[in-house]
file query_19.pdb (PDB, C-alpha atoms and all ligand atoms)
ATOM      1  CA  MET K   1      -2.108 -21.695 -21.156  1.00  0.00           C
ATOM      2  CA  VAL K   2      -4.656 -19.057 -20.084  1.00  0.00           C
ATOM      3  CA  ASP K   3      -7.445 -21.561 -20.884  1.00  0.00           C
ATOM      4  CA  LEU K   4      -6.088 -23.761 -18.124  1.00  0.00           C
ATOM      5  CA  ILE K   5      -6.785 -21.145 -15.460  1.00  0.00           C
ATOM      6  CA  PRO K   6      -9.929 -22.240 -13.560  1.00  0.00           C
ATOM      7  CA  SER K   7     -12.844 -19.785 -13.663  1.00  0.00           C
ATOM      8  CA  PRO K   8     -13.713 -17.695 -10.571  1.00  0.00           C
ATOM      9  CA  ASP K   9     -16.792 -19.963 -10.116  1.00  0.00           C
ATOM     10  CA  THR K  10     -14.635 -23.076 -10.071  1.00  0.00           C
ATOM     11  CA  VAL K  11     -12.215 -21.500  -7.576  1.00  0.00           C
ATOM     12  CA  MET K  12     -15.150 -20.440  -5.410  1.00  0.00           C
ATOM     13  CA  GLN K  13     -16.467 -24.011  -5.405  1.00  0.00           C
ATOM     14  CA  ILE K  14     -13.056 -25.214  -4.186  1.00  0.00           C
ATOM     15  CA  LEU K  15     -13.067 -22.613  -1.397  1.00  0.00           C
ATOM     16  CA  LYS K  16     -16.598 -23.568  -0.330  1.00  0.00           C
ATOM     17  CA  ARG K  17     -15.906 -27.299  -0.435  1.00  0.00           C
ATOM     18  CA  THR K  18     -12.804 -26.956   1.773  1.00  0.00           C
ATOM     19  CA  GLY K  19     -14.478 -24.558   4.228  1.00  0.00           C
ATOM     20  CA  ALA K  20     -12.188 -21.697   3.180  1.00  0.00           C
ATOM     21  CA  PHE K  21     -15.245 -19.617   2.245  1.00  0.00           C
ATOM     22  CA  ARG K  22     -18.374 -19.561   4.370  1.00  0.00           C
ATOM     23  CA  GLU K  23     -21.605 -17.603   4.395  1.00  0.00           C
ATOM     24  CA  GLY K  24     -23.432 -16.677   7.598  1.00  0.00           C
ATOM     25  CA  HIS K  25     -22.943 -13.928  10.168  1.00  0.00           C
ATOM     26  CA  PHE K  26     -19.427 -13.145  11.321  1.00  0.00           C
ATOM     27  CA  VAL K  27     -17.865 -10.594  13.676  1.00  0.00           C
ATOM     28  CA  TYR K  28     -14.196  -9.797  12.982  1.00  0.00           C
ATOM     29  CA  PRO K  29     -11.588  -8.862  15.643  1.00  0.00           C
ATOM     30  CA  ASN K  30     -11.929  -5.194  14.558  1.00  0.00           C
ATOM     31  CA  GLY K  31     -15.645  -5.330  15.451  1.00  0.00           C
ATOM     32  CA  LYS K  32     -16.941  -5.281  11.886  1.00  0.00           C
ATOM     33  CA  HIS K  33     -19.799  -7.567  10.855  1.00  0.00           C
ATOM     34  CA  SER K  34     -20.019  -9.490   7.582  1.00  0.00           C
ATOM     35  CA  PRO K  35     -22.146 -12.221   5.971  1.00  0.00           C
ATOM     36  CA  HIS K  36     -18.955 -13.726   4.433  1.00  0.00           C
ATOM     37  CA  TYR K  37     -15.848 -15.272   5.870  1.00  0.00           C
ATOM     38  CA  PHE K  38     -12.647 -16.402   4.184  1.00  0.00           C
ATOM     39  CA  GLN K  39     -10.330 -18.739   6.099  1.00  0.00           C
ATOM     40  CA  MET K  40      -7.911 -19.468   3.257  1.00  0.00           C
ATOM     41  CA  PRO K  41      -5.545 -21.845   5.132  1.00  0.00           C
ATOM     42  CA  LEU K  42      -8.418 -24.370   5.171  1.00  0.00           C
ATOM     43  CA  ALA K  43      -8.088 -24.681   1.386  1.00  0.00           C
ATOM     44  CA  PHE K  44      -4.312 -25.071   1.722  1.00  0.00           C
ATOM     45  CA  ARG K  45      -4.565 -27.980   4.199  1.00  0.00           C
ATOM     46  CA  TYR K  46      -5.248 -30.309   1.245  1.00  0.00           C
ATOM     47  CA  TYR K  47      -2.116 -30.674  -0.839  1.00  0.00           C
ATOM     48  CA  ASP K  48      -4.021 -31.292  -4.090  1.00  0.00           C
ATOM     49  CA  THR K  49      -6.209 -28.225  -3.614  1.00  0.00           C
ATOM     50  CA  ALA K  50      -3.228 -26.094  -2.633  1.00  0.00           C
ATOM     51  CA  ARG K  51      -1.454 -27.191  -5.792  1.00  0.00           C
ATOM     52  CA  VAL K  52      -4.419 -26.435  -8.086  1.00  0.00           C
ATOM     53  CA  LEU K  53      -4.773 -22.914  -6.641  1.00  0.00           C
ATOM     54  CA  ALA K  54      -1.055 -22.080  -6.725  1.00  0.00           C
ATOM     55  CA  VAL K  55      -0.555 -23.464 -10.232  1.00  0.00           C
ATOM     56  CA  ALA K  56      -3.552 -21.454 -11.470  1.00  0.00           C
ATOM     57  CA  LEU K  57      -2.073 -18.259 -10.022  1.00  0.00           C
ATOM     58  CA  SER K  58       1.352 -19.075 -11.457  1.00  0.00           C
ATOM     59  CA  ARG K  59      -0.156 -19.234 -14.957  1.00  0.00           C
ATOM     60  CA  LYS K  60      -1.264 -15.617 -14.633  1.00  0.00           C
ATOM     61  CA  PHE K  61       2.382 -14.710 -13.958  1.00  0.00           C
ATOM     62  CA  ARG K  62       3.781 -16.986 -16.669  1.00  0.00           C
ATOM     63  CA  VAL K  63       1.861 -15.172 -19.451  1.00  0.00           C
ATOM     64  CA  ASP K  64       3.387 -11.849 -18.338  1.00  0.00           C
ATOM     65  CA  ARG K  65       6.415 -11.318 -20.569  1.00  0.00           C
ATOM     66  CA  ASP K  66       8.233  -9.052 -18.080  1.00  0.00           C
ATOM     67  CA  ILE K  67       8.070 -11.940 -15.594  1.00  0.00           C
ATOM     68  CA  SER K  68       8.654 -14.941 -17.867  1.00  0.00           C
ATOM     69  CA  SER K  69      11.706 -13.288 -19.442  1.00  0.00           C
ATOM     70  CA  GLN K  70      13.379 -12.995 -16.012  1.00  0.00           C
ATOM     71  CA  LEU K  71      12.812 -16.565 -14.856  1.00  0.00           C
ATOM     72  CA  PRO K  72      14.386 -18.381 -13.106  1.00  0.00           C
ATOM     73  CA  LYS K  73      16.230 -15.468 -11.413  1.00  0.00           C
ATOM     74  CA  VAL K  74      13.103 -14.397  -9.547  1.00  0.00           C
ATOM     75  CA  SER K  75      12.090 -14.330  -5.855  1.00  0.00           C
ATOM     76  CA  ILE K  76       8.631 -15.352  -4.713  1.00  0.00           C
ATOM     77  CA  VAL K  77       7.796 -13.274  -1.638  1.00  0.00           C
ATOM     78  CA  SER K  78       5.035 -13.767   0.911  1.00  0.00           C
ATOM     79  CA  PRO K  79       4.097 -10.878   3.238  1.00  0.00           C
ATOM     80  CA  SER K  80       2.826 -13.280   5.931  1.00  0.00           C
ATOM     81  CA  SER K  81       2.444 -16.935   6.947  1.00  0.00           C
ATOM     82  CA  GLY K  82      -0.810 -17.277   4.974  1.00  0.00           C
ATOM     83  CA  GLY K  83       1.066 -16.736   1.736  1.00  0.00           C
ATOM     84  CA  ILE K  84       3.845 -19.283   2.395  1.00  0.00           C
ATOM     85  CA  PRO K  85       2.076 -22.283   0.798  1.00  0.00           C
ATOM     86  CA  VAL K  86       1.099 -20.032  -2.133  1.00  0.00           C
ATOM     87  CA  ALA K  87       4.739 -18.948  -2.490  1.00  0.00           C
ATOM     88  CA  PHE K  88       6.022 -22.538  -2.528  1.00  0.00           C
ATOM     89  CA  GLY K  89       3.352 -23.631  -5.023  1.00  0.00           C
ATOM     90  CA  VAL K  90       4.001 -20.694  -7.350  1.00  0.00           C
ATOM     91  CA  ARG K  91       7.763 -21.194  -7.040  1.00  0.00           C
ATOM     92  CA  ASP K  92       7.366 -24.814  -8.027  1.00  0.00           C
ATOM     93  CA  ALA K  93       5.253 -24.019 -11.083  1.00  0.00           C
ATOM     94  CA  LEU K  94       7.576 -21.226 -12.274  1.00  0.00           C
ATOM     95  CA  SER K  95      10.891 -22.814 -11.184  1.00  0.00           C
ATOM     96  CA  ALA K  96      11.846 -19.521  -9.547  1.00  0.00           C
ATOM     97  CA  GLN K  97      15.160 -19.478  -7.647  1.00  0.00           C
ATOM     98  CA  GLN K  98      14.270 -17.930  -4.304  1.00  0.00           C
ATOM     99  CA  ILE K  99      11.482 -17.792  -1.735  1.00  0.00           C
ATOM    100  CA  TYR K 100      11.186 -15.285   1.098  1.00  0.00           C
ATOM    101  CA  TRP K 101       8.522 -14.658   3.666  1.00  0.00           C
ATOM    102  CA  ALA K 102       7.959 -11.778   6.039  1.00  0.00           C
ATOM    103  CA  GLU K 103       6.604 -11.650   9.575  1.00  0.00           C
ATOM    104  CA  GLN K 104       5.216  -8.841  11.661  1.00  0.00           C
ATOM    105  CA  GLU K 105       7.854  -8.173  14.354  1.00  0.00           C
ATOM    106  CA  ALA K 106       6.908  -5.679  17.050  1.00  0.00           C
ATOM    107  CA  ASP K 107       6.571  -2.466  15.054  1.00  0.00           C
ATOM    108  CA  LYS K 108       7.569  -3.535  11.553  1.00  0.00           C
ATOM    109  CA  ARG K 109       7.444  -6.277   8.936  1.00  0.00           C
ATOM    110  CA  ARG K 110      10.742  -8.081   8.350  1.00  0.00           C
ATOM    111  CA  PHE K 111      11.910 -11.036   6.330  1.00  0.00           C
ATOM    112  CA  ARG K 112      12.196 -14.227   8.353  1.00  0.00           C
ATOM    113  CA  GLN K 113      15.480 -14.852   6.506  1.00  0.00           C
ATOM    114  CA  TYR K 114      18.616 -12.838   7.288  1.00  0.00           C
ATOM    115  CA  VAL K 115      19.312 -11.226   3.960  1.00  0.00           C
ATOM    116  CA  ASN K 116      21.629  -8.515   2.705  1.00  0.00           C
ATOM    117  CA  LYS K 117      20.971  -5.700   0.286  1.00  0.00           C
ATOM    118  CA  GLY K 118      21.443  -6.879  -3.295  1.00  0.00           C
ATOM    119  CA  GLU K 119      20.806 -10.571  -2.586  1.00  0.00           C
ATOM    120  CA  VAL K 120      17.099 -10.567  -3.428  1.00  0.00           C
ATOM    121  CA  ASN K 121      16.109 -11.326  -7.040  1.00  0.00           C
ATOM    122  CA  PRO K 122      13.326  -9.333  -8.736  1.00  0.00           C
ATOM    123  CA  CYS K 123      10.188 -10.132  -6.705  1.00  0.00           C
ATOM    124  CA  ILE K 124       6.768 -11.588  -7.293  1.00  0.00           C
ATOM    125  CA  MET K 125       4.673 -10.939  -4.182  1.00  0.00           C
ATOM    126  CA  VAL K 126       2.025 -13.553  -3.447  1.00  0.00           C
ATOM    127  CA  ASP K 127      -0.548 -13.978  -0.712  1.00  0.00           C
ATOM    128  CA  ASP K 128      -3.564 -16.188  -0.100  1.00  0.00           C
ATOM    129  CA  ILE K 129      -5.914 -13.210   0.235  1.00  0.00           C
ATOM    130  CA  ILE K 130      -5.548  -9.429  -0.108  1.00  0.00           C
ATOM    131  CA  ARG K 131      -8.042  -7.692   2.153  1.00  0.00           C
ATOM    132  CA  SER K 132      -6.747  -4.138   2.663  1.00  0.00           C
ATOM    133  CA  GLY K 133      -3.434  -4.483   0.845  1.00  0.00           C
ATOM    134  CA  MET K 134      -1.547  -3.186   3.900  1.00  0.00           C
ATOM    135  CA  ALA K 135       0.634  -6.297   4.332  1.00  0.00           C
ATOM    136  CA  ILE K 136       1.590  -6.156   0.654  1.00  0.00           C
ATOM    137  CA  GLU K 137       2.395  -2.444   0.858  1.00  0.00           C
ATOM    138  CA  GLU K 138       4.602  -2.938   3.926  1.00  0.00           C
ATOM    139  CA  THR K 139       6.415  -5.797   2.193  1.00  0.00           C
ATOM    140  CA  VAL K 140       6.973  -3.654  -0.910  1.00  0.00           C
ATOM    141  CA  THR K 141       8.749  -1.112   1.323  1.00  0.00           C
ATOM    142  CA  LEU K 142      10.871  -3.934   2.750  1.00  0.00           C
ATOM    143  CA  VAL K 143      11.749  -5.349  -0.679  1.00  0.00           C
ATOM    144  CA  LYS K 144      12.719  -1.912  -2.006  1.00  0.00           C
ATOM    145  CA  SER K 145      14.911  -1.249   1.041  1.00  0.00           C
ATOM    146  CA  LEU K 146      16.850  -4.408   0.046  1.00  0.00           C
ATOM    147  CA  GLY K 147      17.376  -3.004  -3.435  1.00  0.00           C
ATOM    148  CA  ALA K 148      15.009  -5.414  -5.215  1.00  0.00           C
ATOM    149  CA  ARG K 149      12.362  -4.673  -7.832  1.00  0.00           C
ATOM    150  CA  ILE K 150       8.696  -5.734  -7.835  1.00  0.00           C
ATOM    151  CA  ILE K 151       7.805  -7.435 -11.120  1.00  0.00           C
ATOM    152  CA  GLY K 152       4.556  -9.149 -10.115  1.00  0.00           C
ATOM    153  CA  CYS K 153       1.917  -9.361  -7.421  1.00  0.00           C
ATOM    154  CA  GLY K 154      -1.028 -11.679  -6.904  1.00  0.00           C
ATOM    155  CA  ALA K 155      -3.317 -13.593  -4.578  1.00  0.00           C
ATOM    156  CA  ILE K 156      -5.933 -16.318  -4.755  1.00  0.00           C
ATOM    157  CA  VAL K 157      -8.587 -13.799  -3.597  1.00  0.00           C
ATOM    158  CA  ARG K 158      -8.476  -9.996  -3.781  1.00  0.00           C
ATOM    159  CA  PHE K 159     -11.155  -7.870  -2.168  1.00  0.00           C
ATOM    160  CA  GLU K 160     -12.378  -5.298  -4.686  1.00  0.00           C
ATOM    161  CA  SER K 161     -11.877  -2.627  -2.018  1.00  0.00           C
ATOM    162  CA  ALA K 162      -8.118  -3.368  -1.948  1.00  0.00           C
ATOM    163  CA  PRO K 163      -5.673  -1.721  -4.362  1.00  0.00           C
ATOM    164  CA  ASN K 164      -5.578  -3.288  -7.846  1.00  0.00           C
ATOM    165  CA  GLU K 165      -1.970  -2.318  -8.500  1.00  0.00           C
ATOM    166  CA  ILE K 166       1.192  -1.793  -6.528  1.00  0.00           C
ATOM    167  CA  GLU K 167       4.277   0.121  -7.744  1.00  0.00           C
ATOM    168  CA  GLY K 168       2.675   0.219 -11.197  1.00  0.00           C
ATOM    169  CA  VAL K 169       2.318  -3.586 -11.230  1.00  0.00           C
ATOM    170  CA  PRO K 170      -1.267  -4.883 -11.613  1.00  0.00           C
ATOM    171  CA  ILE K 171      -2.385  -7.267  -8.855  1.00  0.00           C
ATOM    172  CA  LYS K 172      -3.471 -10.600 -10.331  1.00  0.00           C
ATOM    173  CA  SER K 173      -6.033 -12.822  -8.615  1.00  0.00           C
ATOM    174  CA  LEU K 174      -8.231 -15.847  -9.267  1.00  0.00           C
ATOM    175  CA  ILE K 175     -11.230 -14.191  -7.566  1.00  0.00           C
ATOM    176  CA  GLU K 176     -12.127 -10.514  -7.229  1.00  0.00           C
ATOM    177  CA  TYR K 177     -14.516 -10.435  -4.302  1.00  0.00           C
ATOM    178  CA  ASP K 178     -17.034  -7.666  -3.664  1.00  0.00           C
ATOM    179  CA  VAL K 179     -17.087  -7.832   0.125  1.00  0.00           C
ATOM    180  CA  ARG K 180     -19.970  -6.689   2.314  1.00  0.00           C
ATOM    181  CA  MET K 181     -18.770  -5.273   5.612  1.00  0.00           C
ATOM    182  CA  TYR K 182     -20.763  -3.431   8.285  1.00  0.00           C
ATOM    183  CA  ASP K 183     -19.085  -1.081  10.764  1.00  0.00           C
ATOM    184  CA  LYS K 184     -21.571  -1.807  13.525  1.00  0.00           C
ATOM    185  CA  GLU K 185     -24.543  -3.912  14.606  1.00  0.00           C
ATOM    186  CA  GLU K 186     -27.123  -1.249  13.745  1.00  0.00           C
ATOM    187  CA  THR K 187     -26.313  -1.415  10.027  1.00  0.00           C
ATOM    188  CA  CYS K 188     -25.751  -5.198   9.810  1.00  0.00           C
ATOM    189  CA  ALA K 189     -28.481  -7.027   7.830  1.00  0.00           C
ATOM    190  CA  GLU K 190     -27.862 -10.314   9.678  1.00  0.00           C
ATOM    191  CA  CYS K 191     -28.132  -8.611  13.094  1.00  0.00           C
ATOM    192  CA  LYS K 192     -31.497  -7.165  12.016  1.00  0.00           C
ATOM    193  CA  GLU K 193     -32.656 -10.663  11.071  1.00  0.00           C
ATOM    194  CA  GLY K 194     -31.543 -11.964  14.467  1.00  0.00           C
ATOM    195  CA  VAL K 195     -28.971 -14.445  13.100  1.00  0.00           C
ATOM    196  CA  THR K 196     -26.570 -15.522  15.891  1.00  0.00           C
ATOM    197  CA  PRO K 197     -23.100 -14.086  15.106  1.00  0.00           C
ATOM    198  CA  GLU K 198     -19.908 -16.125  15.123  1.00  0.00           C
ATOM    199  CA  HIS K 199     -16.789 -14.343  16.414  1.00  0.00           C
ATOM    200  CA  VAL K 200     -13.752 -15.130  14.281  1.00  0.00           C
ATOM    201  CA  ARG K 201     -10.047 -14.800  15.141  1.00  0.00           C
ATOM    202  CA  PHE K 202      -8.605 -13.480  11.908  1.00  0.00           C
TER     203      PHE K 202
HETATM  204 ZN    ZN N 301     -24.193  -8.449  12.543  1.00  0.00          ZN
END

call {"tool": "encode", "arguments": {"input": "query_19.pdb", "output": "structure tokens"}}
result
Amino acid sequence: MVDLIPSPDTVMQILKRTGAFREGHFVYPNGKHSPHYFQMPLAFRYYDTARVLAVALSRKFRVDRDISSQLPKVSIVSPSSGGIPVAFGVRDALSAQQIYWAEQEADKRRFRQYVNKGEVNPCIMVDDIIRSGMAIEETVTLVKSLGARIIGCGAIVRFESAPNEIEGVPIKSLIEYDVRMYDKEETCAECKEGVTPEHVRF
């Protein structure tokens, strides 16, 4: 089963082909500069690509005995809208019972679904990309407040600067990306070369 997981190179080719990964000169909303840009929903606009990525991630969960032994009474949880297609794809591959997704509401992250304590199955958290890990951490707090346990966590891409485990659970990913980020223009290699920057929304 593990042999069927596409290599990081293959996944990267998919992200490049769909426009989900680009190289150039980008300025993020927080003012940081980078020569790389991930726009993961572009990969998830093609159903076939979305399925390949989600199934690949699901296989990393399936080989985990703590997870496979609890199926199908498992919840797949997305911390944000970007993870929703990942959650549905992983749910499909694992035949898990429940799916939840959270949204940022004013000051805190909440589940979109009205849900009572004790109703949420043991959780696998999934996202399209883990940049800082903050969304995942906030969702862990939410899941625990509902009395549920975290049994797995993963994303298509994880920045190496993000945490590699949460609540003692290792974070699985198809790509571990060593991101280059500059705090300001003066230190940005692309600025020095005079490459026109592109301002991005996310
Ligand atoms: Zn720059």

call {"tool": "residues_near_ligand", "arguments": {"input": "query_19.pdb", "ligand": "ligand ZN 301 (chain N)", "cutoff": "7 Å", "atoms": "all atoms listed in the file", "output": "list in words"}}
result
His25, Phe26, Val27, His33, Ser34, Glu185, Cys188, Ala189, Glu190, Cys191 and Pro197 of chain K

call {"tool": "resolve_selection", "arguments": {"input": "query_19.pdb", "expression": "the PyMOL selection byres (((chain K and resi 29) around 8) and not hetatm)", "output": "VMD selection string"}}
result
chain K and resid 27 to 28 30 to 32 199 to 202

call {"tool": "closest_residue", "arguments": {"input": "query_19.pdb", "among": "K:Val179, K:Leu174, K:Leu146, K:Ala87", "to": "Phe159 of chain K", "atoms": "only C-alpha atoms"}}
result
K:Val179

call {"tool": "closest_residue", "arguments": {"input": "query_19.pdb", "among": "K:Asn164, K:Ser68, K:Ser75, K:Ser80", "to": "Gln97 of chain K", "atoms": "all atoms listed in the file"}}
result
K:Ser75

call {"tool": "atom_distance", "arguments": {"input": "query_19.pdb", "atom1": "atom CA of Thr139 of chain K", "atom2": "atom CA of Gly154 of chain K"}}
result
13.1 Å

call {"tool": "resolve_selection", "arguments": {"input": "query_19.pdb", "expression": "the PyMOL selection byres (((chain K and resi 102) around 6) and not hetatm)", "output": "ChimeraX atom specification"}}
result
/K:79-80,101,103,110-112

call {"tool": "write_last_selection", "arguments": {"input": "query_19.pdb", "atoms": "C-alpha atoms", "output": "PDB file, in the coordinates of the input"}}
result
ATOM      1  CA  PRO K  79       4.097 -10.878   3.238  1.00  0.00           C
ATOM      2  CA  SER K  80       2.826 -13.280   5.931  1.00  0.00           C
ATOM      3  CA  TRP K 101       8.522 -14.658   3.666  1.00  0.00           C
ATOM      4  CA  GLU K 103       6.604 -11.650   9.575  1.00  0.00           C
ATOM      5  CA  ARG K 110      10.742  -8.081   8.350  1.00  0.00           C
ATOM      6  CA  PHE K 111      11.910 -11.036   6.330  1.00  0.00           C
ATOM      7  CA  ARG K 112      12.196 -14.227   8.353  1.00  0.00           C
TER       8      ARG K 112
END

call {"tool": "atom_distance", "arguments": {"input": "query_19.pdb", "atom1": "atom CA of Ala50 of chain K", "atom2": "atom CA of Phe21 of chain K"}}
result
14.5 Å

call {"tool": "atom_distance", "arguments": {"input": "query_19.pdb", "atom1": "atom CA of Arg51 of chain K", "atom2": "atom CA of Glu137 of chain K"}}
result
25.9 Å

call {"tool": "closest_residue", "arguments": {"input": "query_19.pdb", "among": "K:Pro6, K:Gly147, K:Gly24, K:Pro163", "to": "Glu198 of chain K", "atoms": "only C-alpha atoms"}}
result
K:Gly24

call {"tool": "closest_residue", "arguments": {"input": "query_19.pdb", "among": "K:Ile171, K:Ile99, K:Leu71, K:Val11", "to": "Val120 of chain K", "atoms": "only C-alpha atoms"}}
result
K:Ile99

call {"tool": "resolve_selection", "arguments": {"input": "query_19.pdb", "expression": "the PyMOL selection byres (((chain K and resi 90) around 12) and not hetatm)", "output": "JSON, numbers by chain"}}
result
{"K": [50, 51, 52, 53, 54, 55, 56, 57, 58, 59, 60, 61, 62, 74, 75, 76, 77, 78, 83, 84, 85, 86, 87, 88, 89, 91, 92, 93, 94, 95, 96, 97, 98, 99, 124, 125, 126, 127, 128, 152, 153, 154, 155, 156]}

call {"tool": "residues_near_point", "arguments": {"input": "query_19.pdb", "point": "(-17.4, -21.7, 4.1)", "cutoff": "12 Å", "atoms": "only C-alpha atoms", "output": "list in words"}}
result
Met12, Gln13, Ile14, Leu15, Lys16, Arg17, Thr18, Gly19, Ala20, Phe21, Arg22, Glu23, Gly24, His25, Phe26, Pro35, His36, Tyr37, Phe38, Gln39, Met40, Pro41, Leu42 and Ala43 of chain K
